[in-house]
>>> print(open('query_7.txt').read())   # compact mmCIF, C-alpha atoms
# COMPACT_ATOMS: atom_id res chain seq x y z
CA MET X 1 0.13 -8.35 17.97
CA SER X 2 -3.47 -9.03 17.00
CA ASP X 3 -4.93 -8.64 13.52
CA GLU X 4 -7.31 -6.04 14.95
CA ILE X 5 -4.42 -3.83 16.10
CA ILE X 6 -2.57 -4.23 12.79
CA ILE X 7 -5.69 -3.34 10.79
CA THR X 8 -6.54 -0.43 13.10
CA GLN X 9 -3.03 1.00 12.68
CA THR X 10 -3.25 0.55 8.91
CA GLN X 11 -6.66 2.27 8.85
CA HIS X 12 -5.25 5.14 10.92
CA TRP X 13 -2.44 5.55 8.36
CA LEU X 14 -5.02 5.51 5.54
CA GLU X 15 -7.20 8.09 7.28
CA GLN X 16 -4.41 10.43 8.37
CA ALA X 17 -1.85 10.16 5.57
CA VAL X 18 -3.29 8.63 2.43
CA ILE X 19 -6.73 10.27 2.68
CA GLY X 20 -6.02 13.06 5.18
CA LEU X 21 -3.07 14.44 3.23
CA ASN X 22 -4.74 13.48 -0.06
CA LEU X 23 -1.70 11.42 -1.08
CA CYS X 24 -4.08 9.30 -3.13
CA PRO X 25 -7.08 11.30 -4.33
CA PHE X 26 -8.84 8.03 -5.23
CA ALA X 27 -8.66 6.36 -1.79
CA LYS X 28 -11.40 8.21 0.07
CA ALA X 29 -14.27 7.00 -2.12
CA VAL X 30 -13.51 3.28 -1.66
CA TYR X 31 -12.68 3.74 2.02
CA VAL X 32 -15.93 5.48 2.97
CA LYS X 33 -17.89 2.85 1.00
CA ASN X 34 -16.11 0.07 2.94
CA GLN X 35 -14.80 -1.41 -0.32
CA ILE X 36 -11.28 -2.03 0.98
CA ARG X 37 -10.48 -5.54 2.15
CA PHE X 38 -7.84 -5.67 4.90
CA VAL X 39 -6.02 -9.00 5.18
CA VAL X 40 -3.26 -9.80 7.65
CA SER X 41 -1.00 -12.65 6.57
CA HIS X 42 0.44 -14.97 9.19
CA ALA X 43 2.66 -16.85 6.74
CA LYS X 44 5.84 -18.10 8.35
CA HIS X 45 7.83 -18.03 5.11
CA LEU X 46 7.74 -16.63 1.61
CA ASP X 47 5.94 -19.64 0.09
CA GLY X 48 3.08 -19.19 2.56
CA PHE X 49 2.85 -15.49 1.76
CA LEU X 50 2.74 -16.32 -1.96
CA ASP X 51 -0.17 -18.66 -1.21
CA ASP X 52 -1.92 -15.77 0.56
CA LEU X 53 -1.26 -13.54 -2.44
CA ASP X 54 -2.66 -16.22 -4.78
CA ARG X 55 -5.86 -16.43 -2.74
CA GLU X 56 -6.30 -12.66 -2.52
CA LEU X 57 -5.74 -12.12 -6.23
CA ASP X 58 -8.34 -14.78 -7.06
CA LEU X 59 -10.79 -13.41 -4.50
CA LEU X 60 -10.45 -9.82 -5.71
CA ALA X 61 -10.72 -10.79 -9.37
CA ALA X 62 -13.94 -12.71 -8.66
CA ALA X 63 -15.48 -10.19 -6.23
CA ASN X 64 -18.09 -7.62 -7.14
CA PRO X 65 -16.20 -4.27 -7.22
CA ASP X 66 -19.12 -2.63 -5.41
CA GLU X 67 -18.33 -4.91 -2.46
CA ILE X 68 -14.52 -5.26 -2.67
CA ASP X 69 -12.76 -2.78 -4.90
CA THR X 70 -9.25 -3.17 -3.53
CA THR X 71 -7.28 -5.26 -1.05
CA LEU X 72 -4.48 -4.46 1.36
CA LEU X 73 -2.47 -7.61 2.08
CA ILE X 74 -0.39 -6.86 5.17
CA HIS X 75 2.42 -8.91 6.67
CA PRO X 76 3.70 -7.41 9.92
CA THR X 77 6.86 -9.52 10.30
CA LEU X 78 8.00 -11.30 7.12
CA PHE X 79 9.72 -8.33 5.43
CA PRO X 80 11.56 -6.22 8.01
CA ASP X 81 14.15 -5.26 5.37
CA PHE X 82 12.88 -2.93 2.63
CA GLU X 83 15.37 -4.18 0.04
CA VAL X 84 14.15 -7.77 0.47
CA PHE X 85 10.53 -6.58 0.21
CA ASN X 86 11.35 -4.50 -2.85
CA ASP X 87 13.01 -7.48 -4.54
CA PHE X 88 9.93 -9.59 -3.73
CA LEU X 89 7.74 -7.23 -5.78
CA THR X 90 9.14 -8.72 -8.99
CA ILE X 91 7.82 -12.11 -7.88
CA ALA X 92 4.48 -10.56 -6.90
CA ASP X 93 4.10 -9.05 -10.37
CA GLU X 94 4.93 -12.44 -11.90
CA ILE X 95 2.13 -13.97 -9.81
CA VAL X 96 -0.32 -11.46 -11.31
CA ALA X 97 0.81 -12.62 -14.77
CA GLU X 98 0.53 -16.30 -13.79
CA HIS X 99 -3.07 -15.68 -12.77
CA GLU X 100 -3.63 -14.04 -16.16
CA LEU X 101 -4.68 -10.85 -14.41
CA GLU X 102 -2.38 -8.41 -16.20
CA GLY X 103 -4.52 -5.47 -17.28
CA ILE X 104 -7.10 -6.45 -14.66
CA LEU X 105 -5.22 -6.16 -11.36
CA GLN X 106 -1.95 -4.56 -10.36
CA ILE X 107 0.09 -4.31 -7.19
CA ALA X 108 1.34 -1.20 -5.43
CA SER X 109 3.61 -1.48 -2.41
CA PHE X 110 4.09 0.22 0.93
CA HIS X 111 6.71 -0.42 3.60
CA PRO X 112 7.75 1.28 6.87
CA ASP X 113 11.21 1.92 5.36
CA PHE X 114 10.16 2.59 1.77
CA GLN X 115 12.87 4.39 -0.17
CA PHE X 116 12.72 5.69 -3.71
CA ALA X 117 15.80 5.17 -5.85
CA ASP X 118 18.38 7.95 -5.58
CA THR X 119 17.03 9.27 -2.26
CA GLU X 120 18.43 9.19 1.25
CA PRO X 121 16.61 6.97 3.76
CA ASP X 122 15.40 9.98 5.78
CA ASP X 123 14.12 11.91 2.73
CA ILE X 124 10.59 13.01 3.63
CA GLY X 125 9.41 12.19 0.09
CA ASN X 126 9.83 8.49 0.90
CA TYR X 127 6.97 8.82 3.38
CA THR X 128 4.46 8.91 0.51
CA ASN X 129 4.86 5.12 0.40
CA ARG X 130 5.52 4.41 4.07
CA ALA X 131 2.89 2.37 5.87
CA PRO X 132 2.95 0.88 9.36
CA TYR X 133 3.68 -2.59 7.93
CA PRO X 134 4.87 -4.10 4.66
CA THR X 135 1.74 -4.04 2.51
CA LEU X 136 0.76 -5.13 -0.96
CA HIS X 137 -2.08 -3.04 -2.37
CA LEU X 138 -4.04 -5.06 -4.92
CA LEU X 139 -5.87 -2.69 -7.25
CA ARG X 140 -8.35 -3.08 -10.07
CA GLU X 141 -7.05 -1.45 -13.24
CA ALA X 142 -10.61 -0.50 -14.26
CA SER X 143 -11.02 1.41 -11.00
CA ILE X 144 -7.72 3.19 -11.56
CA ALA X 145 -8.75 4.13 -15.10
CA ARG X 146 -12.09 5.57 -13.89
CA ALA X 147 -10.38 7.52 -11.13
CA VAL X 148 -7.71 8.89 -13.46
CA GLU X 149 -10.37 10.07 -15.93
CA ALA X 150 -12.06 12.00 -13.13
CA PHE X 151 -8.84 13.56 -11.84
CA PRO X 152 -7.23 16.43 -13.72
CA ASN X 153 -3.50 15.94 -14.32
CA PRO X 154 -3.02 12.56 -12.59
CA GLU X 155 0.66 12.68 -13.53
CA SER X 156 1.04 15.58 -11.09
CA ILE X 157 0.02 13.50 -8.05
CA PHE X 158 3.56 12.32 -7.27
CA GLU X 159 5.07 15.81 -7.37
CA ARG X 160 2.19 17.26 -5.35
CA ASN X 161 2.66 14.52 -2.72
CA ILE X 162 6.36 15.33 -2.37
CA GLU X 163 5.52 19.03 -1.96
CA THR X 164 2.85 18.21 0.65
CA LEU X 165 5.28 16.15 2.69
CA GLU X 166 8.09 18.69 2.39
CA LYS X 167 5.75 21.35 3.79
CA LEU X 168 4.53 18.98 6.51
CA GLY X 169 7.99 17.73 7.52
CA LEU X 170 8.73 14.86 9.85
CA ALA X 171 7.34 16.74 12.86
CA GLY X 172 4.03 17.22 11.05
CA TRP X 173 3.98 13.53 10.05
CA LEU X 174 4.54 12.51 13.66
CA ALA X 175 1.86 14.97 14.83
CA LEU X 176 -0.65 12.95 12.78
CA GLY X 177 0.04 9.99 15.05
CA LEU X 178 2.14 8.26 12.40
CA SER X 179 5.47 6.69 13.20
CA GLU X 180 8.93 7.32 11.86
CA SER X 181 10.66 4.79 9.69
CA LYS X 182 11.31 1.60 11.66
CA SER X 183 15.01 1.87 10.75
CA LYS X 184 15.14 5.21 12.58
CA SER X 185 13.06 4.31 15.61
>>> encode(input="query_7.txt", output="structure tokens")
Amino acid sequence: MSDEIIITQTQHWLEQAVIGLNLCPFAKAVYVKNQIRFVVSHAKHLDGFLDDLDRELDLLAAANPDEIDTTLLIHPTLFPDFEVFNDFLTIADEIVAEHELEGILQIASFHPDFQFADTEPDDIGNYTNRAPYPTLHLLREASIARAVEAFPNPESIFERNIETLEKLGLAGWLALGLSESKSKS
């Protein structure tokens, strides 16, 4: 599959779910300003993906936020299993610390089979963090802080997202042109 298709599918997910359902009230501003960097990794193994993460952290930290505010590092094939991907996030956070970027950048994660602790795999609430491909979202902490200041009750976002998805249901999710969990399809 080409990078163009992977990025187009990721942008569709952003437009329909993340922005369209307002799952992240901060995403629209950076998206419409073209401040999101989309990177598809072709690493054949974990070490190669860590090299890609190193490069993207350095690039984002050095970039002008008006040009690149956030990065989505996507790997379409390396992490088919959510548990393996979830375990990898500990290493990813350690890489942020190694780059001395704690308090500057942070990583959020998305996966086609994302599952919150203490939920069933088909729980619709898991879809708040389900993307077409395993994705690391590299975010600037300063941008998060500004967005949180402008948003009343940011702690309510998670609960509101669950309510939105419960009302929408799986049929509504699929009607947006989004796919089911890869483990179900």
>>> closest_residue(input="query_7.txt", among="X:Phe110, X:Asp87, X:Ala147, X:Leu170", to="X:Lys28", atoms="only C-alpha atoms")
X:Ala147
>>> atom_distance(input="query_7.txt", atom1="atom CA of X:Glu163", atom2="atom CA of X:Leu72")
25.7 Å
>>> closest_residue(input="query_7.txt", among="X:Met1, X:Leu138, X:Ile157, X:Leu59", to="X:Pro25", atoms="only C-alpha atoms")
X:Ile157
>>> residues_around(input="query_7.txt", residues="X:Leu23", least_positions_apart="6", cutoff="10 Å", atoms="all atoms listed in the file", output="number ranges by chain")
X: 14, 16-17, 128-129, 157-158, 160-162, 164-165
>>> write_last_selection(input="query_7.txt", atoms="C-alpha atoms", output="mmCIF file, in the coordinates of the input")
data_model
loop_
_atom_site.group_PDB
_atom_site.id
_atom_site.type_symbol
_atom_site.label_atom_id
_atom_site.label_comp_id
_atom_site.auth_asym_id
_atom_site.auth_seq_id
_atom_site.Cartn_x
_atom_site.Cartn_y
_atom_site.Cartn_z
ATOM 1 C CA LEU X 14 -5.020 5.510 5.540
ATOM 2 C CA GLN X 16 -4.410 10.430 8.370
ATOM 3 C CA ALA X 17 -1.850 10.160 5.570
ATOM 4 C CA THR X 128 4.460 8.910 0.510
ATOM 5 C CA ASN X 129 4.860 5.120 0.400
ATOM 6 C CA ILE X 157 0.020 13.500 -8.050
ATOM 7 C CA PHE X 158 3.560 12.320 -7.270
ATOM 8 C CA ARG X 160 2.190 17.260 -5.350
ATOM 9 C CA ASN X 161 2.660 14.520 -2.720
ATOM 10 C CA ILE X 162 6.360 15.330 -2.370
ATOM 11 C CA THR X 164 2.850 18.210 0.650
ATOM 12 C CA LEU X 165 5.280 16.150 2.690
#
>>> residues_around(input="query_7.txt", residues="X:Val40", least_positions_apart="3", cutoff="8 Å", atoms="all atoms listed in the file", output="list in words")
Asp3, Ile6, Ile7, Leu73, Ile74, His75 and Pro76 of chain X
>>> residues_near_point(input="query_7.txt", point="(0.6, 15.7, 11.8)", cutoff="12 Å", atoms="only C-alpha atoms", output="list in words")
Trp13, Glu15, Gln16, Ala17, Gly20, Leu21, Thr164, Leu165, Lys167, Leu168, Gly169, Leu170, Ala171, Gly172, Trp173, Leu174, Ala175, Leu176, Gly177, Leu178, Ser179 and Glu180 of chain X
>>> atom_distance(input="query_7.txt", atom1="atom CA of X:Pro134", atom2="atom CA of X:Phe79")
6.5 Å
>>> residues_near_point(input="query_7.txt", point="(9.5, 8.2, 3.4)", cutoff="8 Å", atoms="all atoms listed in the file", output="list in words")
Pro112, Asp113, Phe114, Gln115, Pro121, Asp122, Asp123, Ile124, Gly125, Asn126, Tyr127, Thr128, Asn129, Arg130 and Ser181 of chain X
>>> atom_distance(input="query_7.txt", atom1="atom CA of X:Thr135", atom2="atom CA of X:Leu46")
14.0 Å
>>> build_atoms(input="query_7.txt", residues="stretch 2-22 of chain X", atoms="N, CA, C and O atoms", output="PDB file, in the coordinates of the input")
ATOM      1  N   SER X   2      -2.248  -8.488  17.591  1.00  0.00           N
ATOM      2  CA  SER X   2      -3.470  -9.030  17.000  1.00  0.00           C
ATOM      3  C   SER X   2      -3.746  -8.406  15.625  1.00  0.00           C
ATOM      4  O   SER X   2      -3.292  -7.301  15.319  1.00  0.00           O
ATOM      5  N   ASP X   3      -4.514  -9.154  14.830  1.00  0.00           N
ATOM      6  CA  ASP X   3      -4.930  -8.640  13.520  1.00  0.00           C
ATOM      7  C   ASP X   3      -5.687  -7.329  13.681  1.00  0.00           C
ATOM      8  O   ASP X   3      -5.525  -6.410  12.875  1.00  0.00           O
ATOM      9  N   GLU X   4      -6.514  -7.247  14.718  1.00  0.00           N
ATOM     10  CA  GLU X   4      -7.310  -6.040  14.950  1.00  0.00           C
ATOM     11  C   GLU X   4      -6.411  -4.805  15.125  1.00  0.00           C
ATOM     12  O   GLU X   4      -6.675  -3.753  14.541  1.00  0.00           O
ATOM     13  N   ILE X   5      -5.345  -4.946  15.883  1.00  0.00           N
ATOM     14  CA  ILE X   5      -4.420  -3.830  16.100  1.00  0.00           C
ATOM     15  C   ILE X   5      -3.716  -3.470  14.788  1.00  0.00           C
ATOM     16  O   ILE X   5      -3.601  -2.290  14.439  1.00  0.00           O
ATOM     17  N   ILE X   6      -3.265  -4.470  14.056  1.00  0.00           N
ATOM     18  CA  ILE X   6      -2.570  -4.230  12.790  1.00  0.00           C
ATOM     19  C   ILE X   6      -3.492  -3.516  11.803  1.00  0.00           C
ATOM     20  O   ILE X   6      -3.098  -2.533  11.158  1.00  0.00           O
ATOM     21  N   ILE X   7      -4.727  -3.969  11.706  1.00  0.00           N
ATOM     22  CA  ILE X   7      -5.690  -3.340  10.790  1.00  0.00           C
ATOM     23  C   ILE X   7      -6.044  -1.936  11.262  1.00  0.00           C
ATOM     24  O   ILE X   7      -6.107  -0.999  10.456  1.00  0.00           O
ATOM     25  N   THR X   8      -6.227  -1.757  12.559  1.00  0.00           N
ATOM     26  CA  THR X   8      -6.540  -0.430  13.100  1.00  0.00           C
ATOM     27  C   THR X   8      -5.414   0.557  12.802  1.00  0.00           C
ATOM     28  O   THR X   8      -5.657   1.698  12.397  1.00  0.00           O
ATOM     29  N   GLN X   9      -4.164   0.123  12.978  1.00  0.00           N
ATOM     30  CA  GLN X   9      -3.030   1.000  12.680  1.00  0.00           C
ATOM     31  C   GLN X   9      -2.947   1.312  11.184  1.00  0.00           C
ATOM     32  O   GLN X   9      -2.630   2.440  10.799  1.00  0.00           O
ATOM     33  N   THR X  10      -3.264   0.332  10.362  1.00  0.00           N
ATOM     34  CA  THR X  10      -3.250   0.550   8.910  1.00  0.00           C
ATOM     35  C   THR X  10      -4.380   1.505   8.528  1.00  0.00           C
ATOM     36  O   THR X  10      -4.181   2.409   7.705  1.00  0.00           O
ATOM     37  N   GLN X  11      -5.548   1.347   9.125  1.00  0.00           N
ATOM     38  CA  GLN X  11      -6.660   2.270   8.850  1.00  0.00           C
ATOM     39  C   GLN X  11      -6.329   3.682   9.306  1.00  0.00           C
ATOM     40  O   GLN X  11      -6.657   4.651   8.615  1.00  0.00           O
ATOM     41  N   HIS X  12      -5.659   3.812  10.432  1.00  0.00           N
ATOM     42  CA  HIS X  12      -5.250   5.140  10.920  1.00  0.00           C
ATOM     43  C   HIS X  12      -4.313   5.795   9.899  1.00  0.00           C
ATOM     44  O   HIS X  12      -4.470   6.988   9.577  1.00  0.00           O
ATOM     45  N   TRP X  13      -3.352   5.040   9.390  1.00  0.00           N
ATOM     46  CA  TRP X  13      -2.440   5.550   8.360  1.00  0.00           C
ATOM     47  C   TRP X  13      -3.233   5.977   7.121  1.00  0.00           C
ATOM     48  O   TRP X  13      -2.991   7.053   6.562  1.00  0.00           O
ATOM     49  N   LEU X  14      -4.193   5.149   6.700  1.00  0.00           N
ATOM     50  CA  LEU X  14      -5.020   5.510   5.540  1.00  0.00           C
ATOM     51  C   LEU X  14      -5.770   6.817   5.797  1.00  0.00           C
ATOM     52  O   LEU X  14      -5.790   7.711   4.946  1.00  0.00           O
ATOM     53  N   GLU X  15      -6.397   6.903   6.953  1.00  0.00           N
ATOM     54  CA  GLU X  15      -7.200   8.090   7.280  1.00  0.00           C
ATOM     55  C   GLU X  15      -6.350   9.346   7.402  1.00  0.00           C
ATOM     56  O   GLU X  15      -6.730  10.405   6.895  1.00  0.00           O
ATOM     57  N   GLN X  16      -5.230   9.254   8.099  1.00  0.00           N
ATOM     58  CA  GLN X  16      -4.410  10.430   8.370  1.00  0.00           C
ATOM     59  C   GLN X  16      -3.493  10.825   7.225  1.00  0.00           C
ATOM     60  O   GLN X  16      -3.364  12.013   6.926  1.00  0.00           O
ATOM     61  N   ALA X  17      -2.843   9.847   6.604  1.00  0.00           N
ATOM     62  CA  ALA X  17      -1.850  10.160   5.570  1.00  0.00           C
ATOM     63  C   ALA X  17      -2.444  10.043   4.170  1.00  0.00           C
ATOM     64  O   ALA X  17      -2.521  11.033   3.446  1.00  0.00           O
ATOM     65  N   VAL X  18      -2.860   8.865   3.805  1.00  0.00           N
ATOM     66  CA  VAL X  18      -3.290   8.630   2.430  1.00  0.00           C
ATOM     67  C   VAL X  18      -4.507   9.487   2.075  1.00  0.00           C
ATOM     68  O   VAL X  18      -4.522  10.164   1.046  1.00  0.00           O
ATOM     69  N   ILE X  19      -5.520   9.480   2.939  1.00  0.00           N
ATOM     70  CA  ILE X  19      -6.730  10.270   2.680  1.00  0.00           C
ATOM     71  C   ILE X  19      -6.578  11.680   3.265  1.00  0.00           C
ATOM     72  O   ILE X  19      -6.841  12.670   2.588  1.00  0.00           O
ATOM     73  N   GLY X  20      -6.116  11.767   4.501  1.00  0.00           N
ATOM     74  CA  GLY X  20      -6.020  13.060   5.180  1.00  0.00           C
ATOM     75  C   GLY X  20      -5.113  14.055   4.485  1.00  0.00           C
ATOM     76  O   GLY X  20      -5.418  15.248   4.423  1.00  0.00           O
ATOM     77  N   LEU X  21      -3.996  13.571   3.960  1.00  0.00           N
ATOM     78  CA  LEU X  21      -3.070  14.440   3.230  1.00  0.00           C
ATOM     79  C   LEU X  21      -3.342  14.409   1.726  1.00  0.00           C
ATOM     80  O   LEU X  21      -2.631  15.029   0.955  1.00  0.00           O
ATOM     81  N   ASN X  22      -4.343  13.638   1.344  1.00  0.00           N
ATOM     82  CA  ASN X  22      -4.740  13.480  -0.060  1.00  0.00           C
ATOM     83  C   ASN X  22      -3.582  12.946  -0.912  1.00  0.00           C
ATOM     84  O   ASN X  22      -3.400  13.343  -2.060  1.00  0.00           O
TER      85      ASN X  22
END
